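> The file below is coords-v3.tsv, TSV, C-alpha atoms:
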```
chain	number	residue	atom	x	y	z
A	1	MET	CA	8.18	-12.34	-13.21
A	2	PRO	CA	7.99	-8.67	-14.12
A	3	GLY	CA	5.63	-6.54	-12.07
A	4	THR	CA	5.11	-5.50	-8.46
A	5	PHE	CA	4.57	-8.18	-5.81
A	6	PHE	CA	3.80	-7.99	-2.11
A	7	ILE	CA	5.63	-10.49	0.10
A	8	SER	CA	3.84	-11.35	3.32
A	9	GLY	CA	4.09	-14.23	5.76
A	10	ILE	CA	1.95	-16.52	7.86
A	11	ASP	CA	3.49	-15.06	11.02
A	12	THR	CA	6.36	-12.94	12.25
A	13	ASP	CA	9.87	-14.43	11.93
A	14	ILE	CA	8.74	-16.86	9.23
A	15	GLY	CA	11.54	-15.81	6.88
A	16	LYS	CA	10.08	-13.05	4.70
A	17	THR	CA	13.40	-11.22	4.49
A	18	ILE	CA	15.34	-14.31	3.42
A	19	ALA	CA	12.62	-15.23	0.94
A	20	THR	CA	12.54	-11.71	-0.50
A	21	GLY	CA	16.29	-11.68	-1.06
A	22	HIS	CA	16.27	-15.14	-2.63
A	23	ILE	CA	13.35	-14.36	-4.95
A	24	ALA	CA	15.14	-11.17	-6.01
A	25	THR	CA	18.19	-13.27	-6.87
A	26	LEU	CA	16.08	-15.72	-8.88
A	27	THR	CA	14.43	-12.85	-10.72
A	28	ALA	CA	17.76	-11.23	-11.62
A	29	ALA	CA	18.95	-14.59	-12.95
A	30	GLN	CA	16.07	-14.42	-15.45
A	31	GLY	CA	17.60	-11.27	-16.92
A	32	LEU	CA	15.18	-8.86	-15.27
A	33	THR	CA	16.11	-5.79	-13.27
A	34	VAL	CA	14.78	-6.19	-9.74
A	35	ILE	CA	14.63	-4.17	-6.55
A	36	THR	CA	13.32	-4.92	-3.07
A	37	HIS	CA	11.37	-2.42	-1.02
A	38	LYS	CA	10.53	-2.20	2.68
A	39	PRO	CA	7.76	0.41	2.97
A	40	ILE	CA	7.71	0.40	6.78
A	41	GLN	CA	10.69	-0.80	8.81
A	42	THR	CA	10.42	-0.85	12.58
A	43	GLY	CA	13.26	-1.33	15.01
A	44	ASN	CA	15.65	0.76	12.88
A	45	THR	CA	16.51	4.43	12.58
A	46	ASP	CA	19.11	5.07	9.86
A	47	VAL	CA	18.86	2.12	7.50
A	48	SER	CA	16.54	-0.85	7.06
A	49	GLU	CA	18.20	-4.03	8.31
A	50	ASP	CA	15.89	-6.01	6.03
A	51	ILE	CA	17.13	-4.13	2.97
A	52	LEU	CA	20.71	-4.80	4.10
A	53	ARG	CA	19.88	-8.51	4.35
A	54	HIS	CA	18.30	-8.47	0.89
A	55	ARG	CA	21.42	-6.95	-0.61
A	56	ALA	CA	23.67	-9.46	1.14
A	57	ILE	CA	21.64	-12.35	-0.29
A	58	MET	CA	21.63	-10.71	-3.71
A	59	GLY	CA	25.41	-10.39	-3.49
A	60	CYS	CA	25.60	-6.63	-3.76
A	61	GLY	CA	25.97	-3.58	-1.56
A	62	LEU	CA	23.51	-0.79	-1.08
A	63	MET	CA	22.29	0.69	-4.35
A	64	PRO	CA	21.79	4.37	-5.18
A	65	VAL	CA	18.04	3.96	-4.64
A	66	ASP	CA	18.82	2.63	-1.16
A	67	GLU	CA	21.00	5.61	-0.39
A	68	GLN	CA	18.12	7.84	-1.52
A	69	LYS	CA	15.80	5.96	0.91
A	70	LEU	CA	13.48	5.02	-1.96
A	71	THR	CA	13.58	1.41	-0.76
A	72	MET	CA	12.99	2.31	2.89
A	73	PRO	CA	10.75	5.39	3.05
A	74	GLN	CA	9.49	4.87	6.61
A	75	LEU	CA	11.81	3.97	9.51
A	76	PHE	CA	10.66	3.75	13.14
A	77	PRO	CA	12.92	2.93	16.10
A	78	TYR	CA	10.63	0.77	18.22
A	79	PRO	CA	10.51	-2.92	17.11
A	80	CYS	CA	6.79	-3.56	16.93
A	81	SER	CA	3.86	-3.35	14.53
A	82	PRO	CA	3.74	-0.20	12.39
A	83	HIS	CA	0.65	1.28	14.05
A	84	LEU	CA	2.32	1.20	17.46
A	85	ALA	CA	5.80	2.14	16.22
A	86	SER	CA	4.47	5.25	14.49
A	87	ARG	CA	2.43	6.21	17.54
A	88	LEU	CA	5.41	5.87	19.87
A	89	ALA	CA	7.51	7.96	17.48
A	90	ASN	CA	4.71	10.53	17.26
A	91	GLN	CA	5.06	10.27	13.50
A	92	PRO	CA	2.08	9.28	11.33
A	93	ILE	CA	2.66	6.84	8.48
A	94	ASP	CA	3.49	8.88	5.39
A	95	PHE	CA	1.61	7.02	2.67
A	96	VAL	CA	2.48	9.68	0.10
A	97	ALA	CA	6.17	8.98	0.63
A	98	ILE	CA	5.56	5.23	0.36
A	99	GLU	CA	3.58	5.50	-2.87
A	100	ASP	CA	6.01	7.97	-4.39
A	101	SER	CA	8.96	5.67	-3.64
A	102	ILE	CA	7.23	2.65	-5.17
A	103	THR	CA	6.27	4.61	-8.29
A	104	GLN	CA	9.86	5.75	-8.78
A	105	LEU	CA	11.13	2.18	-8.39
A	106	GLN	CA	8.54	0.86	-10.84
A	107	GLN	CA	9.86	3.33	-13.40
A	108	GLN	CA	13.42	2.05	-12.98
A	109	PHE	CA	13.06	-1.72	-12.47
A	110	ASP	CA	11.20	-4.57	-14.17
A	111	THR	CA	10.28	-6.17	-10.84
A	112	VAL	CA	9.58	-4.59	-7.45
A	113	LEU	CA	9.32	-6.90	-4.42
A	114	ILE	CA	7.62	-5.22	-1.47
A	115	GLU	CA	8.23	-6.87	1.89
A	116	GLY	CA	5.58	-6.26	4.51
A	117	ALA	CA	5.86	-6.44	8.30
A	118	GLY	CA	4.65	-9.58	10.02
A	119	GLY	CA	1.54	-11.19	8.58
A	120	LEU	CA	-1.44	-10.10	6.54
A	121	MET	CA	-3.48	-8.92	9.52
A	122	VAL	CA	-0.80	-6.71	11.06
A	123	PRO	CA	-2.15	-3.17	11.53
A	124	ILE	CA	-0.45	-0.35	9.65
A	125	THR	CA	-2.64	2.23	11.38
A	126	GLU	CA	-5.49	1.93	13.85
A	127	ASP	CA	-7.89	1.56	10.91
A	128	LEU	CA	-5.83	-0.15	8.19
A	129	LEU	CA	-4.42	-3.68	8.01
A	130	PHE	CA	-1.74	-4.78	5.58
A	131	ILE	CA	-4.26	-7.00	3.80
A	132	ASP	CA	-6.51	-3.96	3.23
A	133	TYR	CA	-3.57	-2.03	1.81
A	134	ILE	CA	-2.66	-4.94	-0.50
A	135	LYS	CA	-6.25	-5.19	-1.71
A	136	ALA	CA	-6.45	-1.45	-2.40
A	137	LYS	CA	-3.22	-1.50	-4.40
A	138	GLY	CA	-4.06	-4.68	-6.31
A	139	TYR	CA	-0.72	-6.36	-5.65
A	140	PRO	CA	-0.41	-10.12	-6.17
A	141	VAL	CA	0.91	-11.80	-3.03
A	142	ILE	CA	3.82	-14.12	-2.38
A	143	LEU	CA	3.06	-15.78	0.95
A	144	VAL	CA	5.98	-17.16	2.99
A	145	THR	CA	5.40	-20.32	5.01
A	146	SER	CA	7.48	-23.19	6.37
A	147	GLY	CA	7.38	-26.75	7.64
A	148	ARG	CA	7.45	-25.92	11.33
A	149	LEU	CA	4.66	-27.32	13.47
A	150	GLY	CA	1.56	-25.12	13.20
A	151	SER	CA	2.32	-23.86	9.72
A	152	ILE	CA	-0.60	-25.64	8.06
A	153	ASN	CA	-3.12	-23.85	10.26
A	154	HIS	CA	-1.48	-20.44	9.86
A	155	THR	CA	-1.07	-20.91	6.11
A	156	LEU	CA	-4.66	-21.96	5.50
A	157	LEU	CA	-5.96	-19.03	7.54
A	158	SER	CA	-3.82	-16.62	5.51
A	159	LEU	CA	-4.88	-18.18	2.21
A	160	GLU	CA	-8.53	-18.02	3.25
A	161	ALA	CA	-8.14	-14.34	4.06
A	162	LEU	CA	-6.67	-13.71	0.59
A	163	ARG	CA	-9.38	-15.73	-1.11
A	164	SER	CA	-12.20	-13.99	0.78
A	165	ARG	CA	-10.93	-10.64	-0.52
A	166	ASP	CA	-10.18	-11.81	-4.06
A	167	ILE	CA	-6.48	-10.99	-3.66
A	168	PRO	CA	-4.41	-12.95	-6.19
A	169	LEU	CA	-1.81	-15.37	-4.84
A	170	TYR	CA	1.22	-15.46	-7.12
A	171	ALA	CA	3.18	-17.99	-5.11
A	172	LEU	CA	3.65	-19.79	-1.83
A	173	ALA	CA	7.29	-19.50	-0.73
A	174	TYR	CA	8.26	-22.54	1.33
A	175	ASN	CA	11.09	-21.57	3.66
A	176	GLN	CA	13.39	-24.52	4.38
A	177	PHE	CA	15.17	-22.60	7.16
A	178	HIS	CA	12.20	-22.97	9.49
A	179	ASN	CA	11.42	-26.58	8.66
A	180	SER	CA	10.39	-28.79	11.53
A	181	VAL	CA	13.18	-30.96	12.91
A	182	ASP	CA	10.71	-33.78	12.39
A	183	ALA	CA	11.17	-34.81	8.74
A	184	THR	CA	7.79	-36.56	8.73
A	185	ILE	CA	5.97	-33.35	9.71
A	186	ASN	CA	7.95	-31.30	7.20
A	187	HIS	CA	7.28	-33.65	4.31
A	188	ASP	CA	3.58	-33.91	5.10
A	189	THR	CA	3.23	-30.13	5.49
A	190	TYR	CA	4.83	-29.53	2.11
A	191	GLN	CA	2.66	-32.10	0.36
A	192	TYR	CA	-0.51	-30.92	2.09
A	193	LEU	CA	0.08	-27.31	1.07
A	194	CYS	CA	0.92	-28.31	-2.52
A	195	ASN	CA	-2.34	-30.25	-2.72
A	196	HIS	CA	-4.26	-27.32	-1.22
A	197	LEU	CA	-2.83	-24.92	-3.79
A	198	ALA	CA	-3.67	-27.29	-6.64
A	199	GLN	CA	-7.29	-27.36	-5.50
A	200	TYR	CA	-7.90	-23.74	-4.50
A	201	PHE	CA	-5.12	-21.70	-6.13
A	202	PRO	CA	-4.25	-23.65	-9.29
A	203	ALA	CA	-2.47	-20.71	-10.92
A	204	ALA	CA	-0.13	-20.17	-7.95
A	205	HIS	CA	3.49	-21.31	-7.90
A	206	ILE	CA	5.58	-22.98	-5.21
A	207	ILE	CA	8.95	-21.34	-4.58
A	208	ASP	CA	11.41	-23.31	-2.50
A	209	ILE	CA	13.53	-21.06	-0.29
A	210	PRO	CA	16.79	-22.82	0.65
A	211	VAL	CA	18.69	-22.41	3.89
A	212	ILE	CA	20.73	-19.24	3.39
```
Before we go any further, please render this structure as structure tokens.

Amino acid sequence: MPGTFFISGIDTDIGKTIATGHIATLTAAQGLTVITHKPIQTGNTDVSEDILRHRAIMGCGLMPVDEQKLTMPQLFPYPCSPHLASRLANQPIDFVAIEDSITQLQQQFDTVLIEGAGGLMVPITEDLLFIDYIKAKGYPVILVTSGRLGSINHTLLSLEALRSRDIPLYALAYNQFHNSVDATINHDTYQYLCNHLAQYFPAAHIIDIPVI
């Protein structure tokens, strides 16, 4: 899967970071060079904890591009949505730095996996949502979901938002870590979402994310 992909989720704490690291590992196993990118990391100051988690899953340490901050161009200390974190830090989002870092990574790697913050409707600024940014950049989306109770509703709302904006869905990443303890609910959720994709997003893939 060469190219640049945006990884979002149906909610916060749905497992985007685990999914991003696992998909990077799968991509590398295909013989492609791959890098993960966290354009805006909140709750950190010196290094992105999500990038650290990616590298741990990928089985490697920080790379030179990590040390150069190309994979984590914007860090804010307060753990909240980007629009609020940047306001509290009195530091506007530097979109030039974000775009420059992505461009440099695209020149060095076959695949760039960009992990967002929270879900599609999380505000980056007072006037810009992540879904608007994704649409403007033309990135195909990998949407992370799970089998926990409530996932069907959240997933269908996210898919509807993508479809209404003509944003391509590359894959639905089904995170086993957050599966419902009720096996009946989990199984039905998985089958329901597979059927929904077959009807409305026939070109999209299903990526199973194991417990890591």
> Could you check which of A:Ile51, A:Ala97, A:Ile124, A:Ala171 is closest to Leu143 of chain A, using only C-alpha atoms?
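Smallest distance to Leu143 of chain A is found for A:Ala171.
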> Please check which residues have atoms at most 10 Å from (-8.7, -12.0, -3.4) in the file's coordinates, counting all atoms listed in the file, and write them as a CSV table (one decimal) with C-alpha atoms, keeping the file's coordinate frame.

```csv
chain,number,residue,atom,x,y,z
A,131,ILE,CA,-4.3,-7.0,3.8
A,134,ILE,CA,-2.7,-4.9,-0.5
A,135,LYS,CA,-6.2,-5.2,-1.7
A,138,GLY,CA,-4.1,-4.7,-6.3
A,140,PRO,CA,-0.4,-10.1,-6.2
A,141,VAL,CA,0.9,-11.8,-3.0
A,159,LEU,CA,-4.9,-18.2,2.2
A,160,GLU,CA,-8.5,-18.0,3.2
A,161,ALA,CA,-8.1,-14.3,4.1
A,162,LEU,CA,-6.7,-13.7,0.6
A,163,ARG,CA,-9.4,-15.7,-1.1
A,164,SER,CA,-12.2,-14.0,0.8
A,165,ARG,CA,-10.9,-10.6,-0.5
A,166,ASP,CA,-10.2,-11.8,-4.1
A,167,ILE,CA,-6.5,-11.0,-3.7
A,168,PRO,CA,-4.4,-13.0,-6.2
A,169,LEU,CA,-1.8,-15.4,-4.8
```
> Residues at most 12 Å from Ser151 of chain A, counting all atoms listed in the file, excluding those fewer than 2 positions away in the same chain, as a PyMOL selection string?
chain A and resi 9-12+14+143-149+153-159+174-175+178-180+185-186+188-190+192-193
> Just the residues within 9 Å of Leu84 of chain A, please, counting all atoms listed in the file, with nothing from its chain fewer than 3 positions along; format it as an MDAnalysis selection string.
chainID A and resid 78 80:81 87:89 123:126
> Figure out the distance between atom CA of Val211 of chain A and atom CA of Gln191 of chain A, please, to one decimal in Å.
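We find that atom CA of Gln191 of chain A and atom CA of Val211 of chain A lie 19.1 Å from each other.
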> Quick one, how far is atom CA of Ala203 of chain A from atom CA of Ile98 of chain A?
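It comes out at 29.4 Å.
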> Gly43 of chain A: which residues within 12 Å, counting all atoms listed in the file, same-chain residues fewer than 3 positions away excluded, as a list in words?
Ile40, Asp46, Val47, Ser48, Glu49, Asp50, Gln74, Leu75, Phe76, Pro77, Tyr78, Pro79, Cys80, Ser81, Pro82, Leu84, Ala85, Ser86, Leu88, Ala89 and Ala117 of chain A
> For Ala173 of chain A, work out the shell of residues within 10 Å, counting all atoms listed in the file and skipping chain neighbours fewer than 6 positions away, then give it as a list in words.
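The neighbour list is Ile7, Ser8, Gly9, Gly15, Lys16, Ala19, Thr20, Ile23, Ile142, Leu143, Val144, Thr145, Ser146, His205, Ile206, Ile207, Asp208 and Ile209 of chain A.
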> Expressed in Å to a single decimal, how great is the separation between atom CA of Tyr139 of chain A and atom CA of Val112 of chain A?
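Atom-to-atom, atom CA of Tyr139 of chain A to atom CA of Val112 of chain A, that is 10.6 Å.
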> Which centre and edge lengths in Å to one decimal define the box along x, y and z that fits every listed atom of segment 4-14 of chain A plus 8 Å per side, as JSON?

```
{"center_x": 5.9, "center_y": -11.2, "center_z": 1.9, "size_x": 23.9, "size_y": 27.4, "size_z": 36.7}
```
> Do you know which residues lie at most 9 Å from (8.9, -4.3, -10.2), with coordinates as in the file and only C-alpha atoms counted, and could you write them as a list of chain:residue names?
A:Met1, A:Pro2, A:Gly3, A:Thr4, A:Phe5, A:Thr33, A:Val34, A:Ile35, A:Thr36, A:Ile102, A:Leu105, A:Gln106, A:Gln107, A:Gln108, A:Phe109, A:Asp110, A:Thr111, A:Val112, A:Leu113, A:Ile114
> Between A:Thr27, A:Thr42, A:Thr184, A:Asn195, which has the minimum distance to Ile93 of chain A (counting all atoms listed in the file)?
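Residue with the minimum atom-to-atom distance to Ile93 of chain A: A:Thr42.
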> Near Ser101 of chain A, within 10 Å and counting all atoms listed in the file, which residues show up once chain neighbours fewer than 2 positions away are dropped, as a PyMOL selection string?
chain A and resi 37+39+65+68-73+95-99+103-106
> Because some atoms of segment 1-26 of chain A are absent here, can you restore N, CA and C atoms and send them as an mmCIF file, in the coordinates of the input?

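See rebuild-v7.cif below for the written result:
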```
data_model
loop_
_atom_site.group_PDB
_atom_site.id
_atom_site.type_symbol
_atom_site.label_atom_id
_atom_site.label_comp_id
_atom_site.auth_asym_id
_atom_site.auth_seq_id
_atom_site.Cartn_x
_atom_site.Cartn_y
_atom_site.Cartn_z
ATOM 1 N N MET A 1 9.361 -12.834 -13.902
ATOM 2 C CA MET A 1 8.180 -12.340 -13.210
ATOM 3 C C MET A 1 8.225 -10.820 -13.101
ATOM 4 N N PRO A 2 8.057 -10.139 -14.194
ATOM 5 C CA PRO A 2 7.990 -8.670 -14.120
ATOM 6 C C PRO A 2 6.715 -8.223 -13.423
ATOM 7 N N GLY A 3 6.790 -7.080 -12.766
ATOM 8 C CA GLY A 3 5.630 -6.540 -12.070
ATOM 9 C C GLY A 3 5.981 -6.189 -10.638
ATOM 10 N N THR A 4 4.950 -5.850 -9.868
ATOM 11 C CA THR A 4 5.110 -5.500 -8.460
ATOM 12 C C THR A 4 4.399 -6.541 -7.618
ATOM 13 N N PHE A 5 5.108 -7.106 -6.637
ATOM 14 C CA PHE A 5 4.570 -8.180 -5.810
ATOM 15 C C PHE A 5 4.724 -7.816 -4.334
ATOM 16 N N PHE A 6 3.751 -8.236 -3.541
ATOM 17 C CA PHE A 6 3.800 -7.990 -2.110
ATOM 18 C C PHE A 6 4.127 -9.297 -1.402
ATOM 19 N N ILE A 7 5.209 -9.293 -0.614
ATOM 20 C CA ILE A 7 5.630 -10.490 0.100
ATOM 21 C C ILE A 7 5.203 -10.384 1.556
ATOM 22 N N SER A 8 4.314 -11.293 1.946
ATOM 23 C CA SER A 8 3.840 -11.350 3.320
ATOM 24 C C SER A 8 4.150 -12.730 3.867
ATOM 25 N N GLY A 9 3.811 -12.947 5.137
ATOM 26 C CA GLY A 9 4.090 -14.230 5.760
ATOM 27 C C GLY A 9 2.932 -14.709 6.602
ATOM 28 N N ILE A 10 3.025 -15.963 7.029
ATOM 29 C CA ILE A 10 1.950 -16.520 7.860
ATOM 30 C C ILE A 10 2.091 -16.080 9.311
ATOM 31 N N ASP A 11 3.242 -15.488 9.652
ATOM 32 C CA ASP A 11 3.490 -15.060 11.020
ATOM 33 C C ASP A 11 4.764 -14.218 11.020
ATOM 34 N N THR A 12 5.092 -13.650 12.140
ATOM 35 C CA THR A 12 6.360 -12.940 12.250
ATOM 36 C C THR A 12 7.504 -13.954 12.333
ATOM 37 N N ASP A 13 8.687 -13.558 11.899
ATOM 38 C CA ASP A 13 9.870 -14.430 11.930
ATOM 39 C C ASP A 13 9.685 -15.724 11.148
ATOM 40 N N ILE A 14 8.929 -15.677 10.072
ATOM 41 C CA ILE A 14 8.740 -16.860 9.230
ATOM 42 C C ILE A 14 9.764 -16.909 8.103
ATOM 43 N N GLY A 15 10.501 -15.807 7.906
ATOM 44 C CA GLY A 15 11.540 -15.810 6.880
ATOM 45 C C GLY A 15 11.242 -14.957 5.667
ATOM 46 N N LYS A 16 10.418 -13.918 5.835
ATOM 47 C CA LYS A 16 10.080 -13.050 4.700
ATOM 48 C C LYS A 16 11.318 -12.391 4.101
ATOM 49 N N THR A 17 12.226 -11.950 4.968
ATOM 50 C CA THR A 17 13.400 -11.220 4.490
ATOM 51 C C THR A 17 14.310 -12.130 3.669
ATOM 52 N N ILE A 18 14.543 -13.340 4.165
ATOM 53 C CA ILE A 18 15.340 -14.310 3.420
ATOM 54 C C ILE A 18 14.659 -14.654 2.104
ATOM 55 N N ALA A 19 13.358 -14.882 2.159
ATOM 56 C CA ALA A 19 12.620 -15.230 0.940
ATOM 57 C C ALA A 19 12.664 -14.093 -0.071
ATOM 58 N N THR A 20 12.523 -12.866 0.394
ATOM 59 C CA THR A 20 12.540 -11.710 -0.500
ATOM 60 C C THR A 20 13.884 -11.603 -1.209
ATOM 61 N N GLY A 21 14.969 -11.743 -0.448
ATOM 62 C CA GLY A 21 16.290 -11.680 -1.060
ATOM 63 C C GLY A 21 16.520 -12.795 -2.056
ATOM 64 N N HIS A 22 16.073 -14.000 -1.728
ATOM 65 C CA HIS A 22 16.270 -15.140 -2.630
ATOM 66 C C HIS A 22 15.442 -14.982 -3.902
ATOM 67 N N ILE A 23 14.200 -14.539 -3.763
ATOM 68 C CA ILE A 23 13.350 -14.360 -4.950
ATOM 69 C C ILE A 23 13.915 -13.258 -5.829
ATOM 70 N N ALA A 24 14.485 -12.220 -5.227
ATOM 71 C CA ALA A 24 15.140 -11.170 -6.010
ATOM 72 C C ALA A 24 16.302 -11.747 -6.813
ATOM 73 N N THR A 25 17.065 -12.636 -6.190
ATOM 74 C CA THR A 25 18.190 -13.270 -6.870
ATOM 75 C C THR A 25 17.707 -14.130 -8.040
ATOM 76 N N LEU A 26 16.651 -14.899 -7.814
ATOM 77 C CA LEU A 26 16.080 -15.720 -8.880
ATOM 78 C C LEU A 26 15.583 -14.860 -10.038
#
```
